[in-house]
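J.: Take a look at this one; I'll ask things after.
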Amino acid sequence: MALIATQDLQGASEVRDTLLRDFSARPETHLIAGHIDKISGRFADAVNSYRRALSVDPDQTAALFNLVDLQTPGLTDPLTMHLEGLLRAPSLSARESADVHFALARIHEAAGQADRAFALYRDANSAIASAMKRTASAYEPKAAEEHAGRIIDVFRSDTMGASLERLDLGMRMIFVVGLPRSGTTLVERILSAHPRVAGAGELPFMQECLTRLLDAAASEGARILSPDNARGRRFLERLRNEYLDGLFERDVDGEHVIDKLPANFSAIGLIRMLFPDALIVHCNRDPMPNCWSLYSSHFDAHLPYHTSLDHLAHYHRNIYARLMRHWGALRAVDIIEVRYEQLVADPEHEIPRLVARCGLPWDPACSSFHGNEQLIYTASAAQARRPMYTTSVARWRMFERHLGPLMEGLRDG
C-alpha cells in the first residue's frame, strides 16, 4: 500500500506477486491486487480480485466499497443487504465505517433516494473527521488562513523578479492545478494522450519545496527572494534541483511532462520562480458541484477540509479563491484557465483550444483520451476512463435541499 501511495506500481506489482504466491489465504492480498488492477484500468480483473477478497473475509470493507465503486448494485442486491447489516456492527473502525457509509450512499444515490444518500454521506464524513481529530489532523480554519497569508506575503510583485533563468532540460513542465474534483484528472488525460506529453501523476515535490521556502522566509524575511540576494538565489536553485531529482526518479520521458497535484494552486508563485517557462493549467469548476463532489468522494487519504460542508465553504472562499485572485493579480504569472463546465459541454472546441494554448500541435489522440492507458491513482480512476460526460455538472442539485449551509458559506465571500 505504501508503494501504491508513492505511485510505484512496478514495485507494488512485484510485492503483489509475492503475496499471491505465499499469502493467497489473506483478504488483503486480493484487495491489493484489486487496487493495482483498478489503477491500471483493468476493471473486470479488479472486480474479480475484490470478490476474491470478500470470499475470504465477507466483511472486508475496503473491498466492499471498491466493488460498489466499480459495479453499483441495486437496493435489494445481496451485497447491499450485507452492507446494511455491517452498518450496525459495533466493532467497525472509523475507516471501516466510512467505507460502509460511502458504499451505501453511492447505492442510494443511484437509486434516487437523496435524503437517505445524504445522511449516509454525512455520517461517512463524520467518521473520517473523528479519525482526523484523534490524529491531530483536523481542519483548522484560522491556521489555513494564516498559511495562505504567508504565501501571499512571500510572493509579491517585487519578489517575483527573483525567478531563475530557464533551464534547458529538453522538456517543458506542465503543472495542472485546481481543487480536487475540478477536472484535473480529465485535463491530464487529455494532454497526456498527446504523443509529445507524458504524465508523471500527483507529485509531492513542489509542495515540499513550498514548505521549505516558507520556513526560510519565516526566519529571514521576504528578502530571501530579493533579486540581488545571491544566497537566496542559490536556495532557489537547490529547491529546483531537489524537485527535478524527485521527478527524474519517476523515470518519466517526454517533451512535456505533467505534474498533476491539484494542491499546487498554492505554489503557483514558486512554480513560476523555479520553472519560468512552465505551463500552468488551472482547472476551474463551479463551487457548488466542486464542493459536493469533494464531500461525496471517498479518498484513500482525505484532506481535512473535505469532511464538512462548512469547512469546504471556508476553504473554497478563504484559501483557494483568495490565492487564485492573488496569482491573477501578479503580472509575472500567466495561467491557462480551463472551465470544467465548458470542457465537458463542448469538447470538440475546448480540447483543441487547450492543446493549442499549451503550444502543442493538434493530435486526434487528445479527443480519444478515454483510451489513454496512463495509470490513474485518484478517486477518478473509473470515471476518467469513460468518454466525456456531463452528468456530474448538475449532480449536486439532487441534494440541494440539504446544501443550504454550503451555498450560504460560499456566498459570504
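Here, A, B, ... name the chains of the C-alpha cells in the order displayed, residue numbers run from 1 inside each chain, and ligands are numbered from 1 in the same displayed order.
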Applying 8 Å and only C-alpha atoms, which residues near Val56 of chain A remain after dropping the ones on its own chain fewer than 4 positions away? List them as a ChimeraX atom specification.
T.: /A:25-27,52
J.: Go ahead and write the selection's residues with N, CA and C atoms as a PDB file, in the first residue's frame.
T.:
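Output file part_35.pdb is given in full below:
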ATOM      1  N   ALA A  25      -4.322 -16.839   1.084  1.00  0.00           N
ATOM      2  CA  ALA A  25      -5.455 -17.001   2.000  1.00  0.00           C
ATOM      3  C   ALA A  25      -5.785 -15.720   2.756  1.00  0.00           C
ATOM      4  N   ARG A  26      -5.004 -14.662   2.534  1.00  0.00           N
ATOM      5  CA  ARG A  26      -5.251 -13.390   3.225  1.00  0.00           C
ATOM      6  C   ARG A  26      -6.105 -12.470   2.353  1.00  0.00           C
ATOM      7  N   PRO A  27      -7.163 -11.886   2.881  1.00  0.00           N
ATOM      8  CA  PRO A  27      -8.003 -10.996   2.058  1.00  0.00           C
ATOM      9  C   PRO A  27      -7.248  -9.770   1.561  1.00  0.00           C
ATOM     10  N   ARG A  52     -12.689 -11.975  -4.669  1.00  0.00           N
ATOM     11  CA  ARG A  52     -11.872 -12.991  -4.005  1.00  0.00           C
ATOM     12  C   ARG A  52     -11.545 -12.570  -2.579  1.00  0.00           C
TER      13      ARG A  52
END
J.: Neighbouring residues of Cys291 of chain A were defined as those with any atom within 8 Å, considering only C-alpha atoms; residues of the same chain fewer than 3 positions away were excluded. Please report them as a PyMOL selection string.
T.: chain A and resi 287-288+294-295+309+312-313
J.: Would you output that residue set with all heavy atoms, as an mmCIF file, in the first residue's frame?
T.:
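Okay, again_8.cif is ready:
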data_model
loop_
_atom_site.group_PDB
_atom_site.id
_atom_site.type_symbol
_atom_site.label_atom_id
_atom_site.label_comp_id
_atom_site.auth_asym_id
_atom_site.auth_seq_id
_atom_site.Cartn_x
_atom_site.Cartn_y
_atom_site.Cartn_z
ATOM 1 N N PRO A 287 -18.373 26.364 -7.888
ATOM 2 C CA PRO A 287 -18.133 25.966 -6.489
ATOM 3 C C PRO A 287 -19.072 24.890 -5.963
ATOM 4 O O PRO A 287 -18.628 23.962 -5.281
ATOM 5 C CB PRO A 287 -18.304 27.276 -5.713
ATOM 6 C CG PRO A 287 -18.031 28.347 -6.698
ATOM 7 C CD PRO A 287 -18.515 27.832 -8.013
ATOM 8 N N MET A 288 -20.376 24.990 -6.253
ATOM 9 C CA MET A 288 -21.308 24.026 -5.663
ATOM 10 C C MET A 288 -21.033 22.590 -6.123
ATOM 11 O O MET A 288 -20.878 21.694 -5.281
ATOM 12 C CB MET A 288 -22.751 24.432 -5.970
ATOM 13 C CG MET A 288 -23.265 25.570 -5.092
ATOM 14 S SD MET A 288 -23.239 25.192 -3.316
ATOM 15 C CE MET A 288 -24.392 23.816 -3.243
ATOM 16 N N LEU A 294 -16.378 16.810 -3.754
ATOM 17 C CA LEU A 294 -15.389 16.539 -2.714
ATOM 18 C C LEU A 294 -16.029 15.877 -1.502
ATOM 19 O O LEU A 294 -15.495 14.907 -0.952
ATOM 20 C CB LEU A 294 -14.699 17.845 -2.298
ATOM 21 C CG LEU A 294 -13.659 18.393 -3.260
ATOM 22 C CD1 LEU A 294 -13.277 19.825 -2.875
ATOM 23 C CD2 LEU A 294 -12.426 17.514 -3.268
ATOM 24 N N TYR A 295 -17.168 16.386 -1.094
ATOM 25 C CA TYR A 295 -17.833 15.878 0.105
ATOM 26 C C TYR A 295 -18.299 14.440 -0.086
ATOM 27 O O TYR A 295 -18.279 13.638 0.860
ATOM 28 C CB TYR A 295 -19.038 16.771 0.419
ATOM 29 C CG TYR A 295 -19.716 16.494 1.746
ATOM 30 C CD1 TYR A 295 -19.122 16.878 2.945
ATOM 31 C CD2 TYR A 295 -20.951 15.867 1.787
ATOM 32 C CE1 TYR A 295 -19.749 16.635 4.160
ATOM 33 C CE2 TYR A 295 -21.591 15.626 2.997
ATOM 34 C CZ TYR A 295 -20.984 16.007 4.181
ATOM 35 O OH TYR A 295 -21.607 15.759 5.383
ATOM 36 N N LEU A 309 -19.252 20.447 5.292
ATOM 37 C CA LEU A 309 -19.747 21.444 4.338
ATOM 38 C C LEU A 309 -19.296 22.847 4.736
ATOM 39 O O LEU A 309 -18.960 23.669 3.881
ATOM 40 C CB LEU A 309 -21.272 21.368 4.251
ATOM 41 C CG LEU A 309 -21.844 20.061 3.679
ATOM 42 C CD1 LEU A 309 -23.367 20.105 3.713
ATOM 43 C CD2 LEU A 309 -21.346 19.819 2.259
ATOM 44 N N LEU A 312 -15.629 23.101 3.793
ATOM 45 C CA LEU A 312 -15.489 23.209 2.339
ATOM 46 C C LEU A 312 -15.751 24.639 1.871
ATOM 47 O O LEU A 312 -15.007 25.183 1.050
ATOM 48 C CB LEU A 312 -16.454 22.244 1.645
ATOM 49 C CG LEU A 312 -15.960 20.812 1.462
ATOM 50 C CD1 LEU A 312 -17.133 19.876 1.166
ATOM 51 C CD2 LEU A 312 -14.925 20.744 0.351
ATOM 52 N N ALA A 313 -16.818 25.246 2.399
ATOM 53 C CA ALA A 313 -17.132 26.629 2.021
ATOM 54 C C ALA A 313 -16.015 27.570 2.456
ATOM 55 O O ALA A 313 -15.602 28.456 1.699
ATOM 56 C CB ALA A 313 -18.466 27.054 2.642
#
J.: Using DSSP on the backbone coordinates, identify all residues within segment 92-221 of chain A classified as strand (DSSP E or B); present the result as a PyMOL selection string.
T.: chain A and resi 172-178+197-199
J.: For Leu70 of chain A, work out the shell of residues within 9 Å, counting only C-alpha atoms and skipping chain neighbours fewer than 5 positions away, then give it as a list in words.
T.: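 With the cut-off at 9 Å, the set is Lys38, Phe43, Ala44, Ala46, Val47, Phe65 and Ala382 of chain A.
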J.: With N, CA, C and O atoms retained, export the selected residues as a PDB file, in the first residue's frame.
T.:
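Result saved to result_28.pdb:
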ATOM      1  N   LYS A  38      -7.348  -1.811 -10.641  1.00  0.00           N
ATOM      2  CA  LYS A  38      -8.186  -0.617 -10.791  1.00  0.00           C
ATOM      3  C   LYS A  38      -7.355   0.559 -11.283  1.00  0.00           C
ATOM      4  O   LYS A  38      -7.766   1.299 -12.191  1.00  0.00           O
ATOM      5  N   PHE A  43     -10.727  -3.161 -15.064  1.00  0.00           N
ATOM      6  CA  PHE A  43     -11.810  -3.148 -14.092  1.00  0.00           C
ATOM      7  C   PHE A  43     -12.427  -4.526 -13.872  1.00  0.00           C
ATOM      8  O   PHE A  43     -12.818  -4.856 -12.752  1.00  0.00           O
ATOM      9  N   ALA A  44     -12.525  -5.335 -14.927  1.00  0.00           N
ATOM     10  CA  ALA A  44     -13.072  -6.686 -14.741  1.00  0.00           C
ATOM     11  C   ALA A  44     -12.172  -7.507 -13.817  1.00  0.00           C
ATOM     12  O   ALA A  44     -12.653  -8.234 -12.931  1.00  0.00           O
ATOM     13  N   ALA A  46     -10.186  -6.209 -11.580  1.00  0.00           N
ATOM     14  CA  ALA A  46     -10.306  -5.607 -10.252  1.00  0.00           C
ATOM     15  C   ALA A  46     -11.529  -6.148  -9.525  1.00  0.00           C
ATOM     16  O   ALA A  46     -11.469  -6.499  -8.343  1.00  0.00           O
ATOM     17  N   VAL A  47     -12.656  -6.241 -10.228  1.00  0.00           N
ATOM     18  CA  VAL A  47     -13.876  -6.776  -9.625  1.00  0.00           C
ATOM     19  C   VAL A  47     -13.642  -8.206  -9.135  1.00  0.00           C
ATOM     20  O   VAL A  47     -14.028  -8.578  -8.013  1.00  0.00           O
ATOM     21  N   PHE A  65     -16.361  -1.381  -0.616  1.00  0.00           N
ATOM     22  CA  PHE A  65     -16.519  -0.051  -1.202  1.00  0.00           C
ATOM     23  C   PHE A  65     -16.054  -0.031  -2.655  1.00  0.00           C
ATOM     24  O   PHE A  65     -16.729   0.510  -3.535  1.00  0.00           O
ATOM     25  N   ALA A 382     -12.202   5.299 -12.224  1.00  0.00           N
ATOM     26  CA  ALA A 382     -13.209   4.736 -13.129  1.00  0.00           C
ATOM     27  C   ALA A 382     -13.805   5.807 -14.036  1.00  0.00           C
ATOM     28  O   ALA A 382     -13.911   5.610 -15.255  1.00  0.00           O
TER      29      ALA A 382
END
J.: Tell me, as a count of residues only, which residues lie within 8 Å of Ala119 of chain A, counting only C-alpha atoms; anything in the same chain fewer than 4 positions away does not count.
T.: 3
J.: Do a neighbour search on segment 394-409 of chain A at 12 Å with only C-alpha atoms, toss out local chain neighbours closer than 3 positions, and write the hits as an MDAnalysis selection string.
T.: chainID A and resid 108:119 121:122 285:296 308:318 341 389:391 412:413
J.: Based on the backbone DSSP call, show me all residues of segment 140-265 of chain A assigned alpha helix (DSSP H), as a VMD selection string.
T.: chain A and resid 141 to 154 184 to 192 205 to 220 230 to 249
J.: Might you pull out every residue within 12 Å of Arg325 of chain A, with only C-alpha atoms counted and same-chain residues fewer than 4 positions away left off, and present them as a compact mmCIF listing (two decimals) with C-alpha atoms, in the first residue's frame?
T.:
# COMPACT_ATOMS: atom_id res chain seq x y z
CA ALA A 148 -2.45 31.39 2.80
CA ILE A 152 0.70 35.99 -0.28
CA PHE A 265 -2.54 26.00 -6.90
CA SER A 266 -0.99 27.27 -3.65
CA ILE A 268 1.91 28.85 -8.45
CA HIS A 316 -13.02 27.47 -1.14
CA ARG A 317 -13.70 31.08 -0.21
CA ASN A 318 -10.80 31.98 2.08
CA ILE A 319 -7.98 29.79 0.80
CA TYR A 320 -8.48 28.62 -2.77
CA ALA A 321 -10.32 31.63 -4.24
CA ALA A 329 -3.15 40.00 -9.92
CA LEU A 330 0.57 39.27 -10.48
CA ARG A 331 1.70 40.16 -13.98
CA VAL A 333 2.17 34.74 -13.54
CA ILE A 335 -2.16 30.91 -16.23
J.: Using only C-alpha atoms, which protein or nucleic acid residues come within 9 Å of segment 228-235 of chain A? Drop anything in the same chain fewer than 5 positions from it, and give the result as a PDB file with all heavy atoms, in the first residue's frame.
T.:
ATOM      1  N   ALA A 162      12.784  37.491  -8.665  1.00  0.00           N
ATOM      2  CA  ALA A 162      13.849  36.568  -8.282  1.00  0.00           C
ATOM      3  C   ALA A 162      13.787  35.262  -9.053  1.00  0.00           C
ATOM      4  O   ALA A 162      14.550  34.342  -8.785  1.00  0.00           O
ATOM      5  CB  ALA A 162      13.757  36.277  -6.779  1.00  0.00           C
ATOM      6  N   SER A 163      12.887  35.167 -10.034  1.00  0.00           N
ATOM      7  CA  SER A 163      12.747  33.929 -10.795  1.00  0.00           C
ATOM      8  C   SER A 163      14.070  33.505 -11.413  1.00  0.00           C
ATOM      9  O   SER A 163      14.855  34.339 -11.892  1.00  0.00           O
ATOM     10  CB  SER A 163      11.704  34.110 -11.908  1.00  0.00           C
ATOM     11  OG  SER A 163      10.435  34.358 -11.369  1.00  0.00           O
ATOM     12  N   LEU A 164      14.309  32.213 -11.417  1.00  0.00           N
ATOM     13  CA  LEU A 164      15.526  31.672 -12.016  1.00  0.00           C
ATOM     14  C   LEU A 164      15.441  31.723 -13.533  1.00  0.00           C
ATOM     15  O   LEU A 164      14.352  31.799 -14.115  1.00  0.00           O
ATOM     16  CB  LEU A 164      15.724  30.216 -11.570  1.00  0.00           C
ATOM     17  CG  LEU A 164      15.872  29.975 -10.065  1.00  0.00           C
ATOM     18  CD1 LEU A 164      15.940  28.472  -9.789  1.00  0.00           C
ATOM     19  CD2 LEU A 164      17.107  30.669  -9.517  1.00  0.00           C
ATOM     20  N   LEU A 213      10.559  26.817   1.490  1.00  0.00           N
ATOM     21  CA  LEU A 213      10.725  28.244   1.211  1.00  0.00           C
ATOM     22  C   LEU A 213       9.999  29.090   2.248  1.00  0.00           C
ATOM     23  O   LEU A 213      10.536  30.101   2.732  1.00  0.00           O
ATOM     24  CB  LEU A 213      10.221  28.570  -0.187  1.00  0.00           C
ATOM     25  CG  LEU A 213      10.327  30.043  -0.596  1.00  0.00           C
ATOM     26  CD1 LEU A 213      11.785  30.503  -0.573  1.00  0.00           C
ATOM     27  CD2 LEU A 213       9.721  30.286  -1.961  1.00  0.00           C
ATOM     28  N   ARG A 223      13.162  39.013   2.092  1.00  0.00           N
ATOM     29  CA  ARG A 223      14.388  39.415   1.387  1.00  0.00           C
ATOM     30  C   ARG A 223      15.121  38.219   0.790  1.00  0.00           C
ATOM     31  O   ARG A 223      15.979  38.382  -0.067  1.00  0.00           O
ATOM     32  CB  ARG A 223      15.328  40.167   2.327  1.00  0.00           C
ATOM     33  CG  ARG A 223      15.873  39.344   3.482  1.00  0.00           C
ATOM     34  CD  ARG A 223      16.811  40.177   4.362  1.00  0.00           C
ATOM     35  NE  ARG A 223      17.336  39.399   5.484  1.00  0.00           N
ATOM     36  CZ  ARG A 223      16.704  39.196   6.615  1.00  0.00           C
ATOM     37  NH1 ARG A 223      15.499  39.726   6.784  1.00  0.00           N
ATOM     38  NH2 ARG A 223      17.246  38.480   7.588  1.00  0.00           N
ATOM     39  N   ARG A 240      14.961  23.792  -6.881  1.00  0.00           N
ATOM     40  CA  ARG A 240      14.664  23.283  -8.221  1.00  0.00           C
ATOM     41  C   ARG A 240      15.357  21.947  -8.471  1.00  0.00           C
ATOM     42  O   ARG A 240      14.768  21.018  -9.023  1.00  0.00           O
ATOM     43  CB  ARG A 240      15.087  24.301  -9.288  1.00  0.00           C
ATOM     44  CG  ARG A 240      14.806  23.816 -10.706  1.00  0.00           C
ATOM     45  CD  ARG A 240      14.898  24.929 -11.723  1.00  0.00           C
ATOM     46  NE  ARG A 240      16.263  25.418 -11.885  1.00  0.00           N
ATOM     47  CZ  ARG A 240      16.587  26.424 -12.704  1.00  0.00           C
ATOM     48  NH1 ARG A 240      15.650  27.041 -13.407  1.00  0.00           N
ATOM     49  NH2 ARG A 240      17.842  26.818 -12.812  1.00  0.00           N
TER      50      ARG A 240
END
J.: Calculated over only C-alpha atoms, which of the candidates A:Pro352, A:Pro347, A:Gly359, A:Pro180 has the smallest distance to Leu303 of chain A?
T.: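 Between A:Pro352, A:Pro347, A:Gly359, A:Pro180, the residue approaching Leu303 of chain A most closely is A:Pro180.
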J.: Hey, which of A:Ala217, A:Leu54, A:Val393, A:Ala12 ends up closest to Glu28 of chain A? Count only C-alpha atoms.
T.: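 Of the candidates, the smallest distance to Glu28 of chain A is held by A:Leu54.
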J.: Which is closer to Leu244 of chain A than all the others in A:Leu270, A:Gly221, A:Leu203, A:Leu210, using only C-alpha atoms?
T.: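 Counting only C-alpha atoms, the residue closest to Leu244 of chain A is A:Leu203.
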J.: Kindly indicate which residue among A:Lys260, A:His370, A:Arg51, A:His30 lies nearest to Thr185 of chain A, using only C-alpha atoms for the distances.
T.: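 Checking each of A:Lys260, A:His370, A:Arg51, A:His30 against Thr185 of chain A, counting only C-alpha atoms, the winner is A:Lys260.
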